$ cat my_file21.cif   # mmCIF, C-alpha atoms
data_upload
#
loop_
_atom_site.group_PDB
_atom_site.id
_atom_site.type_symbol
_atom_site.label_atom_id
_atom_site.label_comp_id
_atom_site.auth_asym_id
_atom_site.auth_seq_id
_atom_site.Cartn_x
_atom_site.Cartn_y
_atom_site.Cartn_z
ATOM 1 C CA LYS A 1 3.132 -7.980 18.294
ATOM 2 C CA ILE A 2 -0.394 -8.109 16.902
ATOM 3 C CA LYS A 3 -3.272 -6.729 18.953
ATOM 4 C CA ASP A 4 -6.611 -5.275 17.864
ATOM 5 C CA ARG A 5 -5.541 -5.304 14.192
ATOM 6 C CA LYS A 6 -2.489 -3.202 15.036
ATOM 7 C CA LEU A 7 1.187 -4.140 14.680
ATOM 8 C CA THR A 8 3.781 -2.865 17.137
ATOM 9 C CA GLY A 9 7.415 -3.827 16.721
ATOM 10 C CA GLN A 10 10.985 -3.128 15.668
ATOM 11 C CA TYR A 11 12.451 -2.913 12.160
ATOM 12 C CA ILE A 12 15.963 -4.369 12.604
ATOM 13 C CA THR A 13 18.930 -4.249 10.242
ATOM 14 C CA GLU A 14 21.151 -6.844 11.901
ATOM 15 C CA GLY A 15 24.359 -6.295 9.973
ATOM 16 C CA LYS A 16 24.318 -2.566 10.653
ATOM 17 C CA ASP A 17 23.097 -2.804 14.269
ATOM 18 C CA ARG A 18 20.114 -0.536 13.570
ATOM 19 C CA SER A 19 16.666 -0.787 15.131
ATOM 20 C CA VAL A 20 13.684 1.451 14.417
ATOM 21 C CA PRO A 21 10.394 1.156 16.349
ATOM 22 C CA PHE A 22 7.211 1.084 14.300
ATOM 23 C CA THR A 23 3.445 0.758 14.522
ATOM 24 C CA ALA A 24 1.120 -0.207 11.688
ATOM 25 C CA SER A 25 -2.638 -0.380 11.194
ATOM 26 C CA PRO A 26 -4.891 -0.787 8.147
ATOM 27 C CA ALA A 27 -5.504 2.416 6.208
ATOM 28 C CA LYS A 28 -6.602 3.446 2.721
ATOM 29 C CA THR A 29 -3.613 5.776 2.379
ATOM 30 C CA ARG A 30 -0.309 6.183 4.170
ATOM 31 C CA PHE A 31 -0.936 9.852 4.953
ATOM 32 C CA GLU A 32 -3.980 11.898 5.933
ATOM 33 C CA THR A 33 -5.233 14.623 3.615
ATOM 34 C CA THR A 34 -7.323 17.551 4.842
ATOM 35 C CA LYS A 35 -6.796 19.985 1.960
ATOM 36 C CA LYS A 36 -7.065 19.914 -1.793
ATOM 37 C CA PRO A 37 -3.689 20.026 -3.584
ATOM 38 C CA ASN A 38 -2.549 23.494 -4.597
ATOM 39 C CA THR A 39 -0.874 22.136 -7.739
ATOM 40 C CA ASN A 40 -0.229 19.004 -9.782
ATOM 41 C CA ILE A 41 3.383 17.731 -9.845
ATOM 42 C CA THR A 42 2.945 15.156 -12.631
ATOM 43 C CA GLY A 43 6.066 15.155 -14.807
ATOM 44 C CA ASN A 44 9.864 15.289 -14.502
ATOM 45 C CA TRP A 45 11.772 17.251 -11.867
ATOM 46 C CA GLU A 46 15.463 18.150 -11.895
ATOM 47 C CA THR A 47 16.513 17.396 -8.323
ATOM 48 C CA THR A 48 19.583 18.142 -6.209
ATOM 49 C CA PHE A 49 20.138 16.322 -2.922
ATOM 50 C CA SER A 50 22.365 18.013 -0.299
ATOM 51 C CA PRO A 51 22.660 21.168 -2.464
ATOM 52 C CA ASN A 52 25.701 23.437 -2.039
ATOM 53 C CA THR A 53 27.749 20.751 -0.254
ATOM 54 C CA ASP A 54 30.558 18.375 -1.196
ATOM 55 C CA ASP A 55 28.032 15.520 -0.952
ATOM 56 C CA SER A 56 25.642 17.046 -3.493
ATOM 57 C CA TYR A 57 24.244 14.752 -6.185
ATOM 58 C CA LYS A 58 21.667 15.012 -8.954
ATOM 59 C CA ALA A 59 18.471 13.031 -9.379
ATOM 60 C CA LYS A 60 15.415 13.002 -11.587
ATOM 61 C CA GLY A 61 12.005 12.999 -9.937
ATOM 62 C CA ILE A 62 9.332 11.188 -11.972
ATOM 63 C CA PHE A 63 5.810 11.650 -10.582
ATOM 64 C CA THR A 64 2.173 11.004 -11.434
ATOM 65 C CA GLN A 65 -0.527 12.798 -9.440
ATOM 66 C CA ASN A 66 -4.228 11.956 -9.344
ATOM 67 C CA GLY A 67 -6.093 14.271 -6.968
ATOM 68 C CA ASN A 68 -4.248 14.139 -3.657
ATOM 69 C CA THR A 69 -2.456 10.878 -4.501
ATOM 70 C CA VAL A 70 1.113 10.867 -5.839
ATOM 71 C CA THR A 71 3.203 7.924 -7.062
ATOM 72 C CA GLY A 72 6.639 7.795 -8.682
ATOM 73 C CA THR A 73 10.308 7.671 -7.800
ATOM 74 C CA PHE A 74 13.615 9.528 -7.806
ATOM 75 C CA ARG A 75 16.226 8.252 -10.279
ATOM 76 C CA THR A 76 19.885 8.893 -9.477
ATOM 77 C CA GLU A 77 23.004 8.098 -11.481
ATOM 78 C CA THR A 78 23.446 4.923 -9.439
ATOM 79 C CA GLY A 79 19.868 3.641 -9.318
ATOM 80 C CA ASP A 80 16.389 4.606 -8.186
ATOM 81 C CA TYR A 81 14.513 4.849 -4.880
ATOM 82 C CA ARG A 82 11.999 2.294 -6.138
ATOM 83 C CA TYR A 83 8.240 2.667 -5.681
ATOM 84 C CA LEU A 84 7.210 5.813 -3.787
ATOM 85 C CA ASP A 85 3.624 6.450 -2.763
ATOM 86 C CA GLY A 86 2.076 9.396 -0.972
ATOM 87 C CA VAL A 87 0.013 12.568 -1.085
ATOM 88 C CA ILE A 88 -0.053 16.293 -1.662
ATOM 89 C CA ASN A 89 -1.958 17.985 1.159
ATOM 90 C CA GLY A 90 -2.352 21.630 0.217
ATOM 91 C CA ASP A 91 1.244 22.620 -0.520
ATOM 92 C CA GLN A 92 2.829 19.740 1.419
ATOM 93 C CA MET A 93 4.138 16.582 -0.274
ATOM 94 C CA GLN A 94 4.727 13.318 1.590
ATOM 95 C CA LEU A 95 6.106 10.209 -0.152
ATOM 96 C CA SER A 96 7.357 7.000 1.416
ATOM 97 C CA THR A 97 8.367 3.411 0.780
ATOM 98 C CA PHE A 98 9.553 0.375 2.704
ATOM 99 C CA ASP A 99 11.407 -2.074 0.479
ATOM 100 C CA GLY A 100 12.672 -4.540 3.063
ATOM 101 C CA ALA A 101 16.074 -2.855 3.362
ATOM 102 C CA HIS A 102 15.140 0.823 3.650
ATOM 103 C CA ALA A 103 12.396 2.915 5.214
ATOM 104 C CA PHE A 104 12.357 6.122 3.129
ATOM 105 C CA LEU A 105 10.352 9.308 3.633
ATOM 106 C CA PHE A 106 10.393 12.387 1.395
ATOM 107 C CA THR A 107 8.661 15.590 2.467
ATOM 108 C CA ALA A 108 8.553 18.899 0.611
ATOM 109 C CA THR A 109 6.806 22.228 0.256
ATOM 110 C CA VAL A 110 5.407 22.393 -3.284
ATOM 111 C CA THR A 111 4.745 25.153 -5.786
ATOM 112 C CA ASP A 112 3.809 24.710 -9.429
ATOM 113 C CA SER A 113 7.511 24.686 -10.365
ATOM 114 C CA THR A 114 9.587 23.923 -7.225
ATOM 115 C CA LEU A 115 10.009 21.362 -4.461
ATOM 116 C CA ASN A 116 11.926 22.181 -1.275
ATOM 117 C CA GLY A 117 12.164 19.377 1.197
ATOM 118 C CA ALA A 118 13.985 16.677 3.133
ATOM 119 C CA PHE A 119 14.808 13.016 2.570
ATOM 120 C CA TYR A 120 14.794 10.679 5.585
ATOM 121 C CA SER A 121 16.209 7.147 5.671
ATOM 122 C CA GLY A 122 15.085 5.390 8.845
ATOM 123 C CA ASN A 123 15.998 7.371 11.936
ATOM 124 C CA HIS A 124 19.699 7.676 11.078
ATOM 125 C CA TRP A 125 19.803 9.866 7.953
ATOM 126 C CA LYS A 126 18.330 13.176 6.828
ATOM 127 C CA GLU A 127 19.349 15.426 3.943
ATOM 128 C CA PRO A 128 17.726 18.373 2.160
ATOM 129 C CA PHE A 129 16.751 18.434 -1.485
ATOM 130 C CA THR A 130 15.497 20.957 -4.003
ATOM 131 C CA ALA A 131 13.833 20.375 -7.357
ATOM 132 C CA PHE A 132 12.322 22.297 -10.207
ATOM 133 C CA LYS A 133 10.110 21.221 -13.097
ATOM 134 C CA ASN A 134 12.212 20.297 -16.122
ATOM 135 C CA GLU A 135 10.736 17.890 -18.653
ATOM 136 C CA ASN A 136 14.006 17.765 -20.637
ATOM 137 C CA PHE A 137 16.391 16.962 -17.770
ATOM 138 C CA GLU A 138 18.495 13.803 -18.037
ATOM 139 C CA LEU A 139 21.162 12.288 -15.799
ATOM 140 C CA LYS A 140 24.654 11.366 -16.973
ATOM 141 C CA ALA A 141 24.786 8.195 -19.039
ATOM 142 C CA ALA A 142 25.076 5.112 -16.808
ATOM 143 C CA ASP A 143 27.679 3.615 -19.170
ATOM 144 C CA SER A 144 30.153 6.479 -18.646
ATOM 145 C CA LEU A 145 30.591 6.497 -14.858
ATOM 146 C CA THR A 146 32.688 3.368 -14.215
ATOM 147 C CA TYR A 147 35.456 2.232 -16.550
ATOM 148 C CA LEU A 148 38.707 0.272 -16.753
ATOM 149 C CA LYS A 149 41.891 2.087 -15.799
ATOM 150 C CA ASP A 150 44.449 2.777 -18.510
ATOM 151 C CA GLY A 151 46.365 -0.336 -19.466
ATOM 152 C CA TYR A 152 43.530 -2.765 -18.733
ATOM 153 C CA GLU A 153 41.251 -4.502 -21.221
ATOM 154 C CA THR A 154 40.040 -7.417 -19.119
ATOM 155 C CA LEU A 155 38.524 -8.173 -15.726
ATOM 156 C CA ALA A 156 40.107 -10.623 -13.289
ATOM 157 C CA PHE A 157 38.848 -12.092 -10.018
ATOM 158 C CA SER A 158 38.807 -15.349 -8.077
ATOM 159 C CA PHE A 159 36.126 -15.747 -5.393
ATOM 160 C CA PRO A 160 34.543 -18.803 -3.718
ATOM 161 C CA ASP A 161 31.065 -20.169 -4.342
ATOM 162 C CA GLU A 162 28.909 -21.848 -1.689
ATOM 163 C CA ASN A 163 30.849 -25.107 -2.132
ATOM 164 C CA GLY A 164 34.236 -23.483 -1.615
ATOM 165 C CA ASN A 165 35.155 -23.664 -5.295
ATOM 166 C CA LEU A 166 37.064 -20.658 -6.610
ATOM 167 C CA ILE A 167 35.298 -19.118 -9.601
ATOM 168 C CA SER A 168 37.088 -16.941 -12.161
ATOM 169 C CA LEU A 169 36.552 -15.797 -15.727
ATOM 170 C CA THR A 170 39.222 -18.239 -16.923
ATOM 171 C CA ASP A 171 36.976 -21.197 -16.012
ATOM 172 C CA ASP A 172 35.748 -23.397 -18.862
ATOM 173 C CA ARG A 173 32.095 -22.397 -18.382
ATOM 174 C CA PHE A 174 32.952 -18.838 -19.457
ATOM 175 C CA LYS A 175 35.277 -19.701 -22.340
ATOM 176 C CA ASP A 176 34.205 -18.273 -25.731
ATOM 177 C CA LYS A 177 31.030 -16.857 -24.198
ATOM 178 C CA VAL A 178 29.580 -13.420 -23.561
ATOM 179 C CA VAL A 179 29.676 -12.880 -19.793
ATOM 180 C CA VAL A 180 27.772 -10.397 -17.651
ATOM 181 C CA VAL A 181 29.517 -9.838 -14.305
ATOM 182 C CA GLN A 182 27.113 -8.431 -11.734
ATOM 183 C CA ILE A 183 28.533 -6.493 -8.771
ATOM 184 C CA MET A 184 25.775 -6.747 -6.156
ATOM 185 C CA GLY A 185 24.680 -7.529 -2.622
ATOM 186 C CA THR A 186 21.802 -9.602 -1.252
ATOM 187 C CA TRP A 187 20.858 -6.614 0.938
ATOM 188 C CA CYS A 188 20.469 -4.218 -2.022
ATOM 189 C CA PRO A 189 16.911 -3.575 -3.358
ATOM 190 C CA ASN A 190 18.128 -2.271 -6.732
ATOM 191 C CA CYS A 191 20.248 -5.429 -7.018
ATOM 192 C CA LEU A 192 17.093 -7.461 -6.348
ATOM 193 C CA ASP A 193 15.306 -5.699 -9.213
ATOM 194 C CA GLU A 194 18.277 -6.340 -11.483
ATOM 195 C CA SER A 195 18.619 -9.975 -10.362
ATOM 196 C CA ASN A 196 14.944 -10.598 -11.125
ATOM 197 C CA TYR A 197 15.490 -9.341 -14.661
ATOM 198 C CA TYR A 198 18.803 -11.169 -15.209
ATOM 199 C CA ALA A 199 17.485 -14.460 -13.795
ATOM 200 C CA GLN A 200 14.536 -14.455 -16.213
ATOM 201 C CA TYR A 201 16.713 -13.390 -19.146
ATOM 202 C CA TYR A 202 19.200 -16.194 -18.353
ATOM 203 C CA LYS A 203 16.397 -18.780 -18.321
ATOM 204 C CA ASP A 204 15.136 -17.521 -21.662
ATOM 205 C CA ILE A 205 18.507 -17.782 -23.471
ATOM 206 C CA LYS A 206 19.771 -21.180 -22.319
ATOM 207 C CA ASP A 207 20.853 -22.142 -25.824
ATOM 208 C CA LYS A 208 22.916 -18.963 -26.346
ATOM 209 C CA ASP A 209 26.639 -18.449 -25.706
ATOM 210 C CA ILE A 210 25.940 -16.327 -22.615
ATOM 211 C CA GLU A 211 26.882 -16.662 -18.964
ATOM 212 C CA PHE A 212 26.243 -14.582 -15.871
ATOM 213 C CA VAL A 213 28.204 -14.481 -12.625
ATOM 214 C CA ALA A 214 27.413 -12.313 -9.615
ATOM 215 C CA LEU A 215 29.997 -10.999 -7.139
ATOM 216 C CA ALA A 216 28.329 -10.525 -3.750
ATOM 217 C CA PHE A 217 29.618 -7.836 -1.391
ATOM 218 C CA GLU A 218 27.963 -8.583 1.932
ATOM 219 C CA TYR A 219 27.785 -6.786 5.278
ATOM 220 C CA ALA A 220 27.126 -10.146 6.992
ATOM 221 C CA LYS A 221 29.979 -10.667 9.425
ATOM 222 C CA THR A 222 30.683 -14.333 8.614
ATOM 223 C CA GLU A 223 30.936 -16.301 5.385
ATOM 224 C CA GLU A 224 28.372 -18.783 6.727
ATOM 225 C CA THR A 225 25.754 -16.053 7.185
ATOM 226 C CA ALA A 226 26.632 -14.457 3.853
ATOM 227 C CA PHE A 227 26.148 -17.722 1.962
ATOM 228 C CA LYS A 228 22.812 -18.286 3.752
ATOM 229 C CA ASN A 229 21.702 -14.890 2.462
ATOM 230 C CA ILE A 230 22.952 -15.774 -1.025
ATOM 231 C CA LYS A 231 21.059 -19.087 -0.995
ATOM 232 C CA ARG A 232 17.888 -17.348 0.158
ATOM 233 C CA LEU A 233 18.168 -14.852 -2.710
ATOM 234 C CA LYS A 234 18.878 -17.574 -5.299
ATOM 235 C CA ASP A 235 15.919 -19.653 -4.107
ATOM 236 C CA ARG A 236 13.550 -16.694 -3.898
ATOM 237 C CA VAL A 237 14.358 -15.247 -7.321
ATOM 238 C CA GLY A 238 15.214 -18.490 -9.109
ATOM 239 C CA ILE A 239 18.806 -17.566 -9.971
ATOM 240 C CA ASN A 240 20.585 -20.367 -11.842
ATOM 241 C CA TYR A 241 23.909 -18.626 -12.435
ATOM 242 C CA PRO A 242 26.703 -18.606 -9.814
ATOM 243 C CA ILE A 243 26.837 -16.003 -7.048
ATOM 244 C CA VAL A 244 30.295 -15.914 -5.477
ATOM 245 C CA LEU A 245 31.292 -14.222 -2.223
ATOM 246 C CA ALA A 246 33.607 -11.288 -2.852
ATOM 247 C CA GLN A 247 33.513 -9.585 0.545
ATOM 248 C CA THR A 248 32.046 -9.912 4.052
ATOM 249 C CA GLY A 249 31.710 -7.550 6.989
ATOM 250 C CA THR A 250 31.286 -4.361 4.963
ATOM 251 C CA THR A 251 29.665 -2.965 1.845
ATOM 252 C CA SER A 252 32.285 -0.213 1.568
ATOM 253 C CA LYS A 253 32.741 0.682 -2.090
ATOM 254 C CA SER A 254 36.392 1.608 -1.555
ATOM 255 C CA LYS A 255 36.976 -1.853 -0.073
ATOM 256 C CA ALA A 256 35.116 -3.372 -3.019
ATOM 257 C CA ASN A 257 37.384 -1.452 -5.375
ATOM 258 C CA GLU A 258 40.396 -3.071 -3.708
ATOM 259 C CA LYS A 259 39.020 -6.445 -4.866
ATOM 260 C CA LEU A 260 38.660 -5.128 -8.434
ATOM 261 C CA PRO A 261 41.618 -2.748 -8.813
ATOM 262 C CA MET A 262 41.317 -2.533 -12.599
ATOM 263 C CA LEU A 263 38.187 -0.367 -12.194
ATOM 264 C CA ASN A 264 38.419 3.398 -11.681
ATOM 265 C CA HIS A 265 35.955 2.939 -8.809
ATOM 266 C CA VAL A 266 33.011 0.894 -7.634
ATOM 267 C CA LEU A 267 30.414 3.655 -7.577
ATOM 268 C CA SER A 268 27.227 1.704 -7.124
ATOM 269 C CA TYR A 269 25.554 -1.536 -6.184
ATOM 270 C CA PRO A 270 24.618 -2.891 -8.642
ATOM 271 C CA THR A 271 27.140 -2.454 -11.454
ATOM 272 C CA SER A 272 27.217 -4.709 -14.509
ATOM 273 C CA ILE A 273 30.352 -5.456 -16.519
ATOM 274 C CA PHE A 274 29.887 -6.818 -20.051
ATOM 275 C CA VAL A 275 32.681 -9.105 -21.298
ATOM 276 C CA ASP A 276 32.843 -10.295 -24.905
ATOM 277 C CA LYS A 277 33.786 -13.772 -26.171
ATOM 278 C CA THR A 278 37.483 -12.849 -26.289
ATOM 279 C CA GLY A 279 37.502 -11.775 -22.629
ATOM 280 C CA LYS A 280 37.584 -8.018 -23.263
ATOM 281 C CA VAL A 281 35.404 -5.653 -21.252
ATOM 282 C CA ARG A 282 33.080 -3.904 -23.705
ATOM 283 C CA LYS A 283 30.832 -1.890 -21.401
ATOM 284 C CA ILE A 284 30.272 -1.134 -17.711
ATOM 285 C CA HIS A 285 26.785 -0.088 -16.626
ATOM 286 C CA THR A 286 26.514 1.677 -13.266
ATOM 287 C CA GLY A 287 23.315 1.284 -11.225
ATOM 288 C CA PHE A 288 19.984 -0.072 -12.369
ATOM 289 C CA ASN A 289 16.766 1.611 -13.450
ATOM 290 C CA GLY A 290 14.164 -0.743 -12.006
ATOM 291 C CA PRO A 291 10.447 -1.225 -12.707
ATOM 292 C CA ALA A 292 9.544 1.880 -10.669
ATOM 293 C CA THR A 293 11.172 4.081 -13.342
ATOM 294 C CA GLY A 294 8.573 3.130 -15.952
ATOM 295 C CA ASP A 295 9.737 4.102 -19.448
ATOM 296 C CA LYS A 296 13.381 4.122 -18.329
ATOM 297 C CA PHE A 297 13.118 0.461 -17.317
ATOM 298 C CA ILE A 298 11.634 -0.405 -20.713
ATOM 299 C CA GLU A 299 14.417 1.565 -22.410
ATOM 300 C CA PHE A 300 17.052 -0.315 -20.376
ATOM 301 C CA LYS A 301 15.623 -3.701 -21.357
ATOM 302 C CA ASP A 302 15.603 -2.771 -25.046
ATOM 303 C CA GLU A 303 19.196 -1.499 -24.915
ATOM 304 C CA PHE A 304 20.351 -4.531 -22.913
ATOM 305 C CA THR A 305 18.847 -7.003 -25.382
ATOM 306 C CA THR A 306 20.234 -5.158 -28.400
ATOM 307 C CA PHE A 307 23.746 -4.959 -26.935
ATOM 308 C CA MET A 308 23.760 -8.605 -25.858
ATOM 309 C CA ASN A 309 22.608 -9.744 -29.305
ATOM 310 C CA MET A 310 25.427 -7.730 -30.872
ATOM 311 C CA LEU A 311 28.024 -9.414 -28.623
ATOM 312 C CA ILE A 312 26.537 -12.862 -29.277
ATOM 313 C CA ASN A 313 26.701 -12.431 -33.037
ATOM 314 C CA GLU A 314 30.309 -11.208 -33.142
#

$ encode --input "my_file21.cif" --output "structure tokens"
Amino acid sequence: KIKDRKLTGQYITEGKDRSVPFTASPAKTRFETTKKPNTNITGNWETTFSPNTDDSYKAKGIFTQNGNTVTGTFRTETGDYRYLDGVINGDQMQLSTFDGAHAFLFTATVTDSTLNGAFYSGNHWKEPFTAFKNENFELKAADSLTYLKDGYETLAFSFPDENGNLISLTDDRFKDKVVVVQIMGTWCPNCLDESNYYAQYYKDIKDKDIEFVALAFEYAKTEETAFKNIKRLKDRVGINYPIVLAQTGTTSKSKANEKLPMLNHVLSYPTSIFVDKTGKVRKIHTGFNGPATGDKFIEFKDEFTTFMNMLINE
């Protein structure tokens, strides 16, 4: 509801039966600042989420600070947390984003070399994190995390498109072409970033021997709803390659792996599988470093173009 230039409502994730109340009003910044920052956190931070637990995972914080204002993101081995914006108020950091699928908040106590804080996702998730300044820290290579099991050289699937036609890599449209198979979901913000890039790339190389096909893993409970979501994404982004429906009712990665048993695991949405003109899998790239990662996004685009040109010219 809108009253006196203030919004009051509910943020609803229908497929997951989640509802979070919210209010919103115009402001110059998302957070108030009453103190000058004690330090400047510009640079790279080696980060551990859920430290000292079985669920622990590494990330790389990338931040730019100007006075009290901080922007940046956290990169993980399976993607990034997209555009974060916030402040340092004395020794307290607050960063947040709302990307249409997630409401994220990061808070931390800051020194010149450490961050100790908590990560909140909506009102259903909270986990601690620690970080320390490390300009040389890098995550594991995204091309090493997902791979074909022993005995496999190719990828096989058969899933329906919006017209009920079963699509597989043996179809004529993929014959003697380089194919990028995108494991994704319409609900996934990192997949949206990747789809924006792939859709533009596909338009720019129409005369090349290249095809894309996306496998959608949807938490929509019915195929009808899932295909509506797929159509909305295709129309919004301008995707001209096929998006087929691989799964409904859950985004479980273990369930996704059952649909693609030749993979060691489905670790992340998105994941891209590169298939050469002979049908062999040449590389599997886990996650996506989107525009919020700055130089890493530029590096990805350069590597992607170089690798695709190599496959095309073989």

$ atom_distance --input "my_file21.cif" --atom1 "atom CA of A:Ala59" --atom2 "atom CA of A:Thr146"
17.9 Å

$ resolve_selection --input "my_file21.cif" --expression "the PyMOL selection byres ((chain A and resi 43) around 6)" --output "VMD selection string"
chain A and resid 42 44 62 to 63

$ residues_around --input "my_file21.cif" --residues "stretch 167-183 of chain A" --least-positions-apart "4" --cutoff "7 Å" --atoms "all atoms listed in the file" --output "list of chain:residue names"
A:Ala156, A:Phe157, A:Ser158, A:Phe159, A:Pro160, A:Asp161, A:Asp209, A:Ile210, A:Glu211, A:Phe212, A:Val213, A:Ala214, A:Leu215, A:Ala216, A:Tyr269, A:Pro270, A:Thr271, A:Ser272, A:Ile273, A:Phe274, A:Val275, A:Asp276, A:Lys277, A:Thr278, A:Leu311, A:Ile312

$ residues_around --input "my_file21.cif" --residues "A:Tyr201" --least-positions-apart "2" --cutoff "12 Å" --atoms "all atoms listed in the file" --output "list in words"
Val180, Glu194, Ser195, Asn196, Tyr197, Tyr198, Ala199, Lys203, Asp204, Ile205, Lys206, Asp207, Lys208, Ile210, Glu211, Phe212, Gly238, Ile239, Asn240, Tyr241, Lys301, Phe304, Thr305 and Met308 of chain A

$ write_last_selection --input "my_file21.cif" --atoms "C-alpha atoms" --output "JSON list (two decimals), in the frame of the given file"
[["chain", "number", "residue", "atom", "x", "y", "z"],
["A", 180, "VAL", "CA", 27.77, -10.40, -17.65],
["A", 194, "GLU", "CA", 18.28, -6.34, -11.48],
["A", 195, "SER", "CA", 18.62, -9.98, -10.36],
["A", 196, "ASN", "CA", 14.94, -10.60, -11.12],
["A", 197, "TYR", "CA", 15.49, -9.34, -14.66],
["A", 198, "TYR", "CA", 18.80, -11.17, -15.21],
["A", 199, "ALA", "CA", 17.48, -14.46, -13.80],
["A", 203, "LYS", "CA", 16.40, -18.78, -18.32],
["A", 204, "ASP", "CA", 15.14, -17.52, -21.66],
["A", 205, "ILE", "CA", 18.51, -17.78, -23.47],
["A", 206, "LYS", "CA", 19.77, -21.18, -22.32],
["A", 207, "ASP", "CA", 20.85, -22.14, -25.82],
["A", 208, "LYS", "CA", 22.92, -18.96, -26.35],
["A", 210, "ILE", "CA", 25.94, -16.33, -22.62],
["A", 211, "GLU", "CA", 26.88, -16.66, -18.96],
["A", 212, "PHE", "CA", 26.24, -14.58, -15.87],
["A", 238, "GLY", "CA", 15.21, -18.49, -9.11],
["A", 239, "ILE", "CA", 18.81, -17.57, -9.97],
["A", 240, "ASN", "CA", 20.58, -20.37, -11.84],
["A", 241, "TYR", "CA", 23.91, -18.63, -12.44],
["A", 301, "LYS", "CA", 15.62, -3.70, -21.36],
["A", 304, "PHE", "CA", 20.35, -4.53, -22.91],
["A", 305, "THR", "CA", 18.85, -7.00, -25.38],
["A", 308, "MET", "CA", 23.76, -8.60, -25.86]]

$ residues_around --input "my_file21.cif" --residues "stretch 219-225 of chain A" --least-positions-apart "2" --cutoff "6 Å" --atoms "all atoms listed in the file" --output "compact mmCIF listing (two decimals) with C-alpha atoms, in the coordinates of the input"
# COMPACT_ATOMS: atom_id res chain seq x y z
CA GLY A 15 24.36 -6.30 9.97
CA PHE A 227 26.15 -17.72 1.96
CA LYS A 228 22.81 -18.29 3.75
CA THR A 248 32.05 -9.91 4.05
CA GLY A 249 31.71 -7.55 6.99
CA THR A 250 31.29 -4.36 4.96
CA THR A 251 29.66 -2.96 1.84

$ atom_distance --input "my_file21.cif" --atom1 "atom CA of A:Lys1" --atom2 "atom CA of A:Gln94"
27.1 Å

$ closest_residue --input "my_file21.cif" --among "A:Arg30, A:Trp45, A:Thr306, A:Asp4" --to "A:Asp85" --atoms "all atoms listed in the file"
A:Arg30

$ resolve_selection --input "my_file21.cif" --expression "the PyMOL selection byres ((chain A and resi 67) around 8)" --output "list in words"
Lys36, Pro37, Gln65, Asn66, Asn68 and Thr69 of chain A

$ resolve_selection --input "my_file21.cif" --expression "the PyMOL selection byres ((chain A and resi 60) around 6)" --output "PDB file with C-alpha atoms, in the coordinates of the input"
ATOM      1  CA  TRP A  45      11.772  17.251 -11.867  1.00  0.00           C
ATOM      2  CA  GLU A  46      15.463  18.150 -11.895  1.00  0.00           C
ATOM      3  CA  THR A  47      16.513  17.396  -8.323  1.00  0.00           C
ATOM      4  CA  ALA A  59      18.471  13.031  -9.379  1.00  0.00           C
ATOM      5  CA  GLY A  61      12.005  12.999  -9.937  1.00  0.00           C
ATOM      6  CA  PHE A  74      13.615   9.528  -7.806  1.00  0.00           C
ATOM      7  CA  ARG A  75      16.226   8.252 -10.279  1.00  0.00           C
TER       8      ARG A  75
END

$ atom_distance --input "my_file21.cif" --atom1 "atom CA of A:Asp193" --atom2 "atom CA of A:Ile88"
27.9 Å

$ residues_around --input "my_file21.cif" --residues "A:Tyr147" --least-positions-apart "4" --cutoff "9 Å" --atoms "all atoms listed in the file" --output "short mmCIF file (atom, residue, chain, number, x, y, z; two decimals) with C-alpha atoms, in the frame of the given file"
data_model
loop_
_atom_site.label_atom_id
_atom_site.label_comp_id
_atom_site.auth_asym_id
_atom_site.auth_seq_id
_atom_site.Cartn_x
_atom_site.Cartn_y
_atom_site.Cartn_z
CA ASP A 143 27.68 3.62 -19.17
CA MET A 262 41.32 -2.53 -12.60
CA LEU A 263 38.19 -0.37 -12.19
CA ASN A 264 38.42 3.40 -11.68
CA HIS A 265 35.96 2.94 -8.81
CA LYS A 283 30.83 -1.89 -21.40
CA ILE A 284 30.27 -1.13 -17.71
CA HIS A 285 26.78 -0.09 -16.63
#

$ residues_around --input "my_file21.cif" --residues "A:Phe106" --least-positions-apart "4" --cutoff "12 Å" --atoms "all atoms listed in the file" --output "ChimeraX atom specification"
/A:49,61,70-74,81,84-88,92-97,115-122,125-130

$ closest_residue --input "my_file21.cif" --among "A:Lys255, A:Arg5, A:Arg82, A:Lys28" --to "A:Gly290" --atoms "all atoms listed in the file"
A:Arg82

$ residues_near_point --input "my_file21.cif" --point "(16.1, 0.6, -10.3)" --cutoff "7 Å" --atoms "only C-alpha atoms" --output "ChimeraX atom specification"
/A:79-80,82,190,193,288-293

$ closest_residue --input "my_file21.cif" --among "A:Thr76, A:Lys296, A:Thr13, A:Lys3" --to "A:Lys140" --atoms "only C-alpha atoms"
A:Thr76

$ closest_residue --input "my_file21.cif" --among "A:Glu77, A:Asp91, A:Asp235, A:Glu299" --to "A:Ala142" --atoms "all atoms listed in the file"
A:Glu77
